[in-house]
Every structure is written in structure tokens, then in C-alpha cells.
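Visitor: I'd like to ask you about the structure that follows.
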Amino acid sequence: MEAALLTDAQRDVQDLVRTFAEGEIAPHAASWDREHHVPLDVIRRLGEIGLLGVIVPEEHGGSGLDYTSLCLVVEELARHDAGVSVAVAVHAGLCVAPLLRFGTPTQQAAFLPRLATGALLGAYALTEPDAGSDTASIRARAVRSQGGWRLDGTKTWITNGGFADLFVVFARTGGAGARGISAFVAERGVGLDSGKEIPKLGLHTSSTAEIVLDGFAVPTDGLVGTENEGLKVALATLDGGRITIAAQACGIARAALEIAVSYAQDRSAFGGPIARFQGVQFPIAEIAARLDGAWLMVLHAAALRDGGLPHAQAGARAKLVASRVAVDAADVAVQTLGGYGYSAEFPAERCYRDAKITELYEGTSQIQRLVIARSLLGDAARG
Amino acid sequence: MKIAVCVKEVPDPTAEKRIDPDTKRLVRSGENTLNRYDRHAIEEAVRLREGAAPGAEIAVVLVAPASASRTVDKALAQGGDRSVHLADDGLSGSDIVATSRALAAVLARDSYDLIVFGQQGSDAECYVMASAVAERLARPCVTQVAALALDGSSLKVKRQVETGYETLEVSLPAVISVSDAINEPRYPSLPAIMGAKRKPHEVLSLADVGLAAGDVGVDGSRTHVSALSKPPTRGDSVKLEDDGTAAEKILAFLVERKVVA
Ligand SMILES: Cc1cc2nc3c(=O)[nH]c(=O)nc-3n(C[C@H](O)[C@H](O)[C@H](O)COP(=O)(O)OP(=O)(O)OC[C@H]3O[C@@H](n4cnc5c(N)ncnc54)[C@H](O)[C@@H]3O)c2cc1C
């Protein structure tokens, strides 16, 4: 579908990630999921072949490609393994991207070359036990100390948290509310500990951990952007990050659709393939059409970002729509497979468990609606 | 050391193959890509460059329409240093005789120590291009090479044959075709893919390699397809759903046909 929309370079990226994912991920994804195995070796190999440095400029050792290319990578990975795809989405979209936009030349030179190859794997630590959607209420504190800053507090739900080497982390440097937060970047070190892995419904191949900051020392030049204006860094980063999550949702939906199609062709009931029943056909047709729409929204949002144009609205809309398509596509897959859809030995149930996350992280679907509604309705929406 | 790897552009193997009923030729107007068997040939050349032949130069050589530039870049991303691409409208319709003539003419322009082919094209499945080109260049040829080691100016090769393996020694310059078991081609890296476009690309016409229009294409070919027909459909087939008894049913089927006793 998208072939007509992509440049040669974008198709090259897609070819590469497709070949790699089919060869190195697809054969193992089901067992990794069952064993809750985070395939760190495969994530590192993605770095070796350049897929973690897609948006890192060439002068910093990356490929200098656009955000659309990153979305192609995430979508294609998600088709086989949602956990691996979010590792890349967070590494690139939430760690590399804010450094590119807000990082100092020193920070860029220090971290980008290693992020490009996967020598450093990135994470983004905003959420806290008592502050999720309400990002302005985070409580982790950063205080000035000799040679920099000292961070204390607890972050939770941190993707790549169990193994990441580099953290973009947010902490309060001023008073309460949105204006008192700063963004920092620092390598894992004394005072930053990964807490327990959080057991999850799905996404078993992704590390999601608590991060405990206990006097974590960040050097003076670890501040990203302006002091006390870190929430802008956080939210602008999520504006772009959401597009990659929408791409992830499309990848999961595509997998679910493919599972449903091939099963409907093969399974016989009442003397022929179940694909001849309209009750089986129409849900599949509906998902295929909605998925095309969602994917075009992703490509559109990514194209806006690549063109340096405002993309917060397009990204929120793409994520809202794509994540629902993923959940519905997984539901259709399970329904099409009947009892086998419920079996852990068939792939539909993994899609079913994995799809839901796309409606939750990087802003729940309610938050996407809020973003969209506020922009449409202006002050009237705030009452 | 100078190595040439001959590569082919083929229709995307995941797409259905179609034959044009008028020309009786494979339709090549869809998505095309690098013949997957040639990735093993490039990989083996790269391994020589990384090992016994440091500094070896790898030229990717192909006869293909001008539109094959993405395929050329794929081959370069896989490890070639430069490409030599004979692209001429007059080549269309060439069979093995004509294509090998064209390839030999391109290869003769340079003094390659080793010319490497993949074992077959995934479209026409002929397995003979290496032998045909070697014959034209009057070079020794070993096909289906499953392992090789460079030893000074000769090559020790293990060759896969029906009964097992042959171990041969062949002096350079030589032509070989490698089997798809010889190595596991690496994934090209994204920087290598981006860099491929910046490597030297030489595009040649028939005149550049001293060939006339009648030497290649339909006129230079010796094969003429007079008719094509589908293979007869197989007899009754039975499709089993495994409800736990499939193994027994298969066994009964085979016993009935006296395939097993
Ligand atoms: C697997 C996983 C990985 C994650 N990875 C990361 C990560 O790498 N980094 C990171 O910082 N965070 C991460 N998160 C956190 C994630 O972004 C938050 O869970 C999410 O933003 C929601 O916050 P919450 O869980 O605190 O829910 P809450 O904010 O408590 O929301 C609870 C419910 O209330 C609704 N709600 C809240 N406010 C409003 C409102 N104003 N209007 C309408 N409805 C509202 C929500 O939509 C939701 O339904 C991850 C979460 C998960 C599950």
C-alpha cells in the first residue's frame, strides 16, 4: 500500500528491517513471549546493522534518515514482536530524538555515536507511581550539588529500564506544577538502580522496570534544555514518540490481520473454508480498510515532523486511531480463530495481549482525545 | 587481488511468477530484486577480502536493464566496492548463450583473478551461467563450491556433488559458482546501504564492450521457445486436518500405495 509513498531510501530501510525481522525475530517471538525473555542480543544486533541509529545524523555515526524511516522500522518489528519494537521506539523516539532537538553539542557528541550503534541503549523516565497522565505532578527532585545535580525519587513503568545505559530523566528543580521541572540526560551510575521488572498482561519481551534514584549524580552539563522548562522537553518528545507508537499499533494490527486471513482460508467448517462466511469476511475487510487509514495517518504525521511542521495534532490522532485498530484487529483475529484464537499455542492471543498497551503508554487514548479536543475547542474546552 | 561477483536481477520471489503468452517470457515488469543466491557469492568474496586476500577489490558485475540500479545498490551494500553494469535495450530477450557472451565481454575488460557466481538464478533456475562464462573466457571452472580457501595463486575448494564432496585445487584466474550452503550472508548495515549509492557505478553499453546488436538479444540467442504448457495436474489429493489421527491416516495411505510396508 505504502510503496507509492516511500522514497528509495525509506524502502531500503524497510527491506532491511523486514529481512532481519523475518530471519532473526519471527522464528523466536512466540517462545520469547512465553518465557518472558527480553532478547537483548537481538536489540544489540539491530544496533550493529544500524537500525538503532536511523535518525542519528551521519556526522554522529548514524544514517541521518527521517522519522518516517524510524516509523517503518518500528512497524515492521511490531509485526513480529511488539516488545522489540517498543525497545527501538523508546531508544530512538524518546532518547535520541530529545537529544537531537534539545541536547547541547557536547551532549550530542558524547552520546549520539554510541546510541547510533547500540553501544548505549536509551530510556525515558518521566512516569512516577503517583504521576502518569498528570505529568506536571512528578515529585522526583534534583538539587544542585558539587559538580552538578543530585537526583532522588522513584520512576516507574520505564521501558528498557532493566538494561538501559542512558536515561533521559525528569525531576523537579523548582516549585510545584509544570514550571518547576527540568530534563536531564545521564549514563547509568551509582545512585540509579533498576528495581523490579513489572509483570504485565503482554509485551513480555520488553523490559518495564521501576527506576530508583537515590542520590544519583548528574554532571552540570547533564541538563537538557532550560532549567525548569523540562516539561516542554518531555511533552515535545512525546508529540513525536506517539507517532512511533501509532506505527507499532499498525504493525501489531497487520500481524493480526495476516493471522486472521490465513486461518480463514485454511480452516474448514460445514464443508468448506470458513472464509466463505460473510460473518468471517466482513470483520476482516473492515480491519483491512481501517488499518490502511491508520497507517496513512502515521505516515502523514511522520511526514509533518520530517518537514519541520507542527505534528502534535496529527500524532495524537494517528495514535488514537491506530491503537484502536490494533485492539480491534487482535479481537478479530481471536474471533476468526475461534477456540484456537484463545490458545497460547496459536499467535492470535499474543496480538490480543500486546495490542492493548498502545492505548495506554505515551498518553492514554483519553489523553489523546484531550489533546485533540483542546486544540479544536480552545479555551471553551477548559471551562 | 581483483574479484568479480556476477549478480542477477530477478523478479521478487515472493510475487507470483507470470509468463507473457505472447513473448513466452517471464514477466519482469513487477518488483525486481537481487537474486538471493548471489548474496552468498558476494559474502564469500567479502570473507576473502577480510581474510586471505586483504585489500582485494570486489566488483559487482551485471547484465540487466538500466532500471536495475536498486539491485546494483543492494549488491554494493552487501560488500561490493564498485559496480559494472551492462545496460542496453538490445539485451532484452537474451538466453544463456547471449547473456554469457555479454557477461564475458564485460569481464574481459578487466583482469579479474577470481570470478564468482551464485549457484543459480531464482527465476530461470539454470545453474549454468558460471560454466558458460568460464568457457568463453577459457578459464578453469568449479561449480557448487561449498567451501574454499585461498592458497597463494590457487584456490582449494570443496565441491558438493551427489555422492558427497570433492576436494579440488584450481589455479587462478578461475571462475567458480558457490552453493547456498557455503556461508550465511550477513545483513547489510544501514550505513552500508546508504553508502552503496556513493560507490563508483560504471554503466556500459553494448558498443563499450565491443558487441553488436546481433550478438545478443533475440538475434544472438540460440534458444527459441515455441510453446509453453502447464504440467499435468496431479491426481486426486487429500488434505488432512490433524485431529490427532493424521499420522495414522498418512501411514495407511502410504501402505495402501505400497510406499511403505
Ligand atoms: C508497558 C508500559 C511501558 C511504559 N513505558 C514508559 C516509559 O518508558 N517511560 C515513562 O515515563 N512512562 C512509561 N509508561 C507509563 C505510561 O505512559 C503511563 O502509564 C500512562 O501515561 C498513564 O499513566 P498512569 O498509568 O499513571 O494512569 P493515570 O494517569 O492514573 O490514568 C488512569 C486513568 O485515568 C484516565 N485519565 C487520567 N487523566 C485524565 C484526564 N485528564 N481526562 C480523562 N481521563 C483521564 C486515564 O486515561 C486512565 O484511563 C509505561 C507504561 C506501561 C504500561
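Ligands are numbered from 1 in the order shown, chains are lettered A, B, ... in the order of the C-alpha cells, and residues start at 1 in each chain.
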For the alpha helix (DSSP H) assignment from backbone DSSP, which residues of stretch 2-158 of chain A qualify? Please present them as a PyMOL selection string.
Guide: chain A and resi 8-20+29-35+40-48+67-80+82-88+97-102+105-117
Visitor: Quick one: which residues from chain B are at most 10 Å off chain A, using only C-alpha atoms, as a list in words?
Guide: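 Result: Arg70, Asp73, Lys74, Arg186, Tyr187, Pro188, Ser189, Leu190, Pro191, Ala192, Ile193, Met194, Gly195 and Glu241 of chain B.
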Visitor: Could those selected residues go to a file with all heavy atoms, as a short mmCIF file (atom, residue, chain, number, x, y, z; two decimals), in the first residue's frame?
Guide:
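Printed below is out_10.cif as written:
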```
data_model
loop_
_atom_site.label_atom_id
_atom_site.label_comp_id
_atom_site.auth_asym_id
_atom_site.auth_seq_id
_atom_site.Cartn_x
_atom_site.Cartn_y
_atom_site.Cartn_z
N ARG B 70 18.58 -0.21 -8.26
CA ARG B 70 18.37 -0.58 -6.85
C ARG B 70 18.99 -1.94 -6.54
O ARG B 70 19.53 -2.16 -5.46
CB ARG B 70 16.87 -0.63 -6.52
CG ARG B 70 16.32 0.71 -6.04
CD ARG B 70 14.82 0.65 -5.82
NE ARG B 70 14.40 -0.24 -4.75
CZ ARG B 70 14.49 0.04 -3.46
NH1 ARG B 70 14.98 1.21 -3.08
NH2 ARG B 70 14.10 -0.80 -2.55
N ASP B 73 22.65 -1.42 -6.12
CA ASP B 73 22.97 -0.87 -4.81
C ASP B 73 22.84 -1.92 -3.71
O ASP B 73 23.59 -1.90 -2.74
CB ASP B 73 22.07 0.34 -4.50
CG ASP B 73 22.47 1.56 -5.33
OD1 ASP B 73 23.62 1.56 -5.85
OD2 ASP B 73 21.67 2.49 -5.46
N LYS B 74 21.92 -2.84 -3.89
CA LYS B 74 21.79 -3.92 -2.90
C LYS B 74 23.07 -4.76 -2.88
O LYS B 74 23.55 -5.15 -1.82
CB LYS B 74 20.60 -4.82 -3.23
CG LYS B 74 19.30 -4.22 -2.75
CD LYS B 74 18.19 -5.24 -2.71
CE LYS B 74 17.00 -4.61 -2.00
NZ LYS B 74 15.74 -4.82 -2.63
N ARG B 186 25.72 -11.99 5.65
CA ARG B 186 25.40 -11.07 6.74
C ARG B 186 24.30 -10.12 6.29
O ARG B 186 24.08 -9.93 5.09
CB ARG B 186 26.65 -10.28 7.15
CG ARG B 186 27.13 -9.29 6.10
CD ARG B 186 28.56 -8.86 6.34
NE ARG B 186 29.49 -9.97 6.11
CZ ARG B 186 30.80 -9.91 6.37
NH1 ARG B 186 31.35 -8.83 6.88
NH2 ARG B 186 31.56 -10.95 6.12
N TYR B 187 23.62 -9.51 7.26
CA TYR B 187 22.68 -8.45 6.92
C TYR B 187 23.50 -7.23 6.58
O TYR B 187 24.42 -6.87 7.33
CB TYR B 187 21.76 -8.14 8.10
CG TYR B 187 20.86 -9.29 8.46
CD1 TYR B 187 21.20 -10.17 9.48
CD2 TYR B 187 19.71 -9.54 7.73
CE1 TYR B 187 20.38 -11.25 9.79
CE2 TYR B 187 18.89 -10.62 8.04
CZ TYR B 187 19.23 -11.47 9.07
OH TYR B 187 18.43 -12.54 9.37
N PRO B 188 23.22 -6.56 5.47
CA PRO B 188 23.97 -5.33 5.20
C PRO B 188 23.57 -4.31 6.27
O PRO B 188 22.46 -4.33 6.75
CB PRO B 188 23.45 -4.91 3.82
CG PRO B 188 22.10 -5.52 3.71
CD PRO B 188 22.13 -6.79 4.52
N SER B 189 24.51 -3.46 6.67
CA SER B 189 24.12 -2.46 7.67
C SER B 189 23.49 -1.27 6.97
O SER B 189 23.72 -1.03 5.78
CB SER B 189 25.34 -2.01 8.47
OG SER B 189 26.14 -1.18 7.66
N LEU B 190 22.70 -0.53 7.73
CA LEU B 190 22.05 0.65 7.15
C LEU B 190 23.08 1.64 6.60
O LEU B 190 22.91 2.15 5.49
CB LEU B 190 21.14 1.29 8.20
CG LEU B 190 20.10 2.26 7.68
CD1 LEU B 190 19.32 1.71 6.51
CD2 LEU B 190 19.14 2.63 8.83
N PRO B 191 24.18 1.93 7.34
CA PRO B 191 25.20 2.81 6.74
C PRO B 191 25.76 2.25 5.43
O PRO B 191 26.03 3.00 4.49
CB PRO B 191 26.28 2.90 7.83
CG PRO B 191 25.55 2.64 9.11
CD PRO B 191 24.47 1.65 8.76
N ALA B 192 25.91 0.93 5.35
CA ALA B 192 26.42 0.33 4.10
C ALA B 192 25.40 0.52 2.98
O ALA B 192 25.76 0.76 1.83
CB ALA B 192 26.71 -1.16 4.30
N ILE B 193 24.12 0.42 3.32
CA ILE B 193 23.07 0.62 2.31
C ILE B 193 23.10 2.06 1.82
O ILE B 193 23.03 2.32 0.61
CB ILE B 193 21.69 0.26 2.91
CG1 ILE B 193 21.62 -1.26 3.15
CG2 ILE B 193 20.57 0.70 1.98
CD1 ILE B 193 20.41 -1.71 3.95
N MET B 194 23.24 3.00 2.77
CA MET B 194 23.29 4.41 2.38
C MET B 194 24.55 4.68 1.57
O MET B 194 24.55 5.45 0.61
CB MET B 194 23.30 5.33 3.61
CG MET B 194 22.17 5.09 4.60
SD MET B 194 20.57 5.26 3.88
CE MET B 194 20.63 6.98 3.45
N GLY B 195 25.66 4.03 1.97
CA GLY B 195 26.96 4.27 1.33
C GLY B 195 27.03 3.68 -0.08
O GLY B 195 27.83 4.13 -0.91
N GLU B 241 -6.74 -32.56 8.05
CA GLU B 241 -6.68 -31.68 9.22
C GLU B 241 -6.21 -32.57 10.35
O GLU B 241 -6.78 -33.65 10.55
CB GLU B 241 -8.08 -31.17 9.59
CG GLU B 241 -8.63 -30.09 8.72
CD GLU B 241 -8.29 -28.69 9.21
OE1 GLU B 241 -7.84 -28.52 10.36
OE2 GLU B 241 -8.47 -27.76 8.40
#
```
Visitor: B:Arg47: which residues within 12 Å, counting only C-alpha atoms, same-chain residues fewer than 5 positions away excluded, as a ChimeraX atom specification?
Guide: /B:3,40-42,52-58,78-80,147-150,182-186
Visitor: Write out, as a PDB file, in the first residue's frame, the residues just selected, with C-alpha atoms.
Guide:
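See again13.pdb below for the written result:
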```
ATOM      1  CA  ILE B   3      37.390 -10.290  -7.651  1.00  0.00           C
ATOM      2  CA  HIS B  40      26.287 -15.965  -0.937  1.00  0.00           C
ATOM      3  CA  ALA B  41      28.717 -15.149  -3.757  1.00  0.00           C
ATOM      4  CA  ILE B  42      29.225 -11.591  -2.526  1.00  0.00           C
ATOM      5  CA  ALA B  52      43.234 -14.364   2.993  1.00  0.00           C
ATOM      6  CA  ALA B  53      43.080 -11.552   0.424  1.00  0.00           C
ATOM      7  CA  PRO B  54      43.288  -8.281   2.345  1.00  0.00           C
ATOM      8  CA  GLY B  55      42.777  -5.276   0.124  1.00  0.00           C
ATOM      9  CA  ALA B  56      41.034  -7.328  -2.550  1.00  0.00           C
ATOM     10  CA  GLU B  57      38.799  -5.243  -4.757  1.00  0.00           C
ATOM     11  CA  ILE B  58      35.311  -6.574  -5.337  1.00  0.00           C
ATOM     12  CA  GLN B  78      26.313  -6.395   0.682  1.00  0.00           C
ATOM     13  CA  GLY B  79      30.025  -5.612   0.286  1.00  0.00           C
ATOM     14  CA  GLY B  80      30.994  -4.794  -3.326  1.00  0.00           C
ATOM     15  CA  ALA B 147      33.962 -24.253   0.993  1.00  0.00           C
ATOM     16  CA  LEU B 148      37.051 -22.511  -0.273  1.00  0.00           C
ATOM     17  CA  ALA B 149      40.485 -21.455   0.892  1.00  0.00           C
ATOM     18  CA  LEU B 150      42.879 -19.192  -0.943  1.00  0.00           C
ATOM     19  CA  ILE B 182      28.843 -22.043   1.701  1.00  0.00           C
ATOM     20  CA  ASN B 183      28.014 -19.241   4.127  1.00  0.00           C
ATOM     21  CA  GLU B 184      25.280 -17.295   5.834  1.00  0.00           C
ATOM     22  CA  PRO B 185      25.297 -13.862   4.187  1.00  0.00           C
ATOM     23  CA  ARG B 186      25.398 -11.068   6.740  1.00  0.00           C
TER      24      ARG B 186
END
```
Visitor: Once you count only C-alpha atoms and all ligand atoms, which residues end up within 7 Å of ligand 1, and could you hand them over as a list in words?
Guide: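 Those within range of ligand 1 are Val90, Ala123, Tyr124, Ala125, Leu126, Thr127, Pro129, Asp130, Ala131, Gly132, Ser133, Asp134, Thr156, Trp157, Ile158, Thr159, Asn160, Leu203, Thr208, Ile357, Leu360, Tyr361, Glu362, Gly363, Thr364, Ser365, Gln366, Ile367 and Leu370 of chain A.
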Visitor: Could you save those same residues with C-alpha atoms as a short mmCIF file (atom, residue, chain, number, x, y, z; two decimals), in the first residue's frame?
Guide:
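Done, and the output landed in out_21.cif:
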```
data_model
loop_
_atom_site.label_atom_id
_atom_site.label_comp_id
_atom_site.auth_asym_id
_atom_site.auth_seq_id
_atom_site.Cartn_x
_atom_site.Cartn_y
_atom_site.Cartn_z
CA VAL A 90 11.79 4.38 23.04
CA ALA A 123 15.34 5.04 28.14
CA TYR A 124 12.97 7.85 29.05
CA ALA A 125 11.95 8.23 32.66
CA LEU A 126 9.03 10.54 33.29
CA THR A 127 6.24 8.49 34.89
CA PRO A 129 3.91 5.89 40.87
CA ASP A 130 1.71 8.92 41.57
CA ALA A 131 2.12 10.79 38.30
CA GLY A 132 1.22 9.27 34.93
CA SER A 133 -1.12 11.28 32.76
CA ASP A 134 -0.66 14.15 35.17
CA THR A 156 8.04 3.55 37.30
CA TRP A 157 6.93 1.78 34.13
CA ILE A 158 10.25 2.59 32.46
CA THR A 159 10.62 0.80 29.14
CA ASN A 160 14.16 -0.60 28.66
CA LEU A 203 4.65 -7.12 25.87
CA THR A 208 9.48 -2.48 32.01
CA ILE A 357 -0.64 -1.31 25.51
CA LEU A 360 -2.07 3.29 27.26
CA TYR A 361 1.51 4.43 27.01
CA GLU A 362 2.81 7.75 25.69
CA GLY A 363 -0.59 9.13 26.63
CA THR A 364 -3.72 7.06 27.11
CA SER A 365 -6.45 7.30 24.48
CA GLN A 366 -8.31 9.68 26.77
CA ILE A 367 -5.28 11.94 26.83
CA LEU A 370 -7.98 15.66 25.33
#
```
Visitor: Tell me, in Å to one decimal, how far atom CA of A:Gln146 is from atom CA of A:Thr220.
Guide: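 Those two atoms sit 8.9 Å apart.
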Visitor: For A:Arg44, find every residue with an atom within 12 Å (counting only C-alpha atoms), except residues of its own chain fewer than 2 positions away, and show them as a ChimeraX atom specification.
Guide: /A:38-42,46-53,84,87-88,91,114-122,163-164
Visitor: For stretch 120-131 of chain B, work out the shell of residues within 12 Å, counting only C-alpha atoms and skipping chain neighbours fewer than 5 positions away, then give it as a PyMOL selection string.
Guide: chain B and resi 4-19+25-28+32-41+95-104+114-115+136-145+174-180
Visitor: Smallest atom-to-atom distance to A:Cys71: which of A:Ala246, A:Leu6, A:Ala348, A:Ala314, using only C-alpha atoms?
Guide: A:Ala246
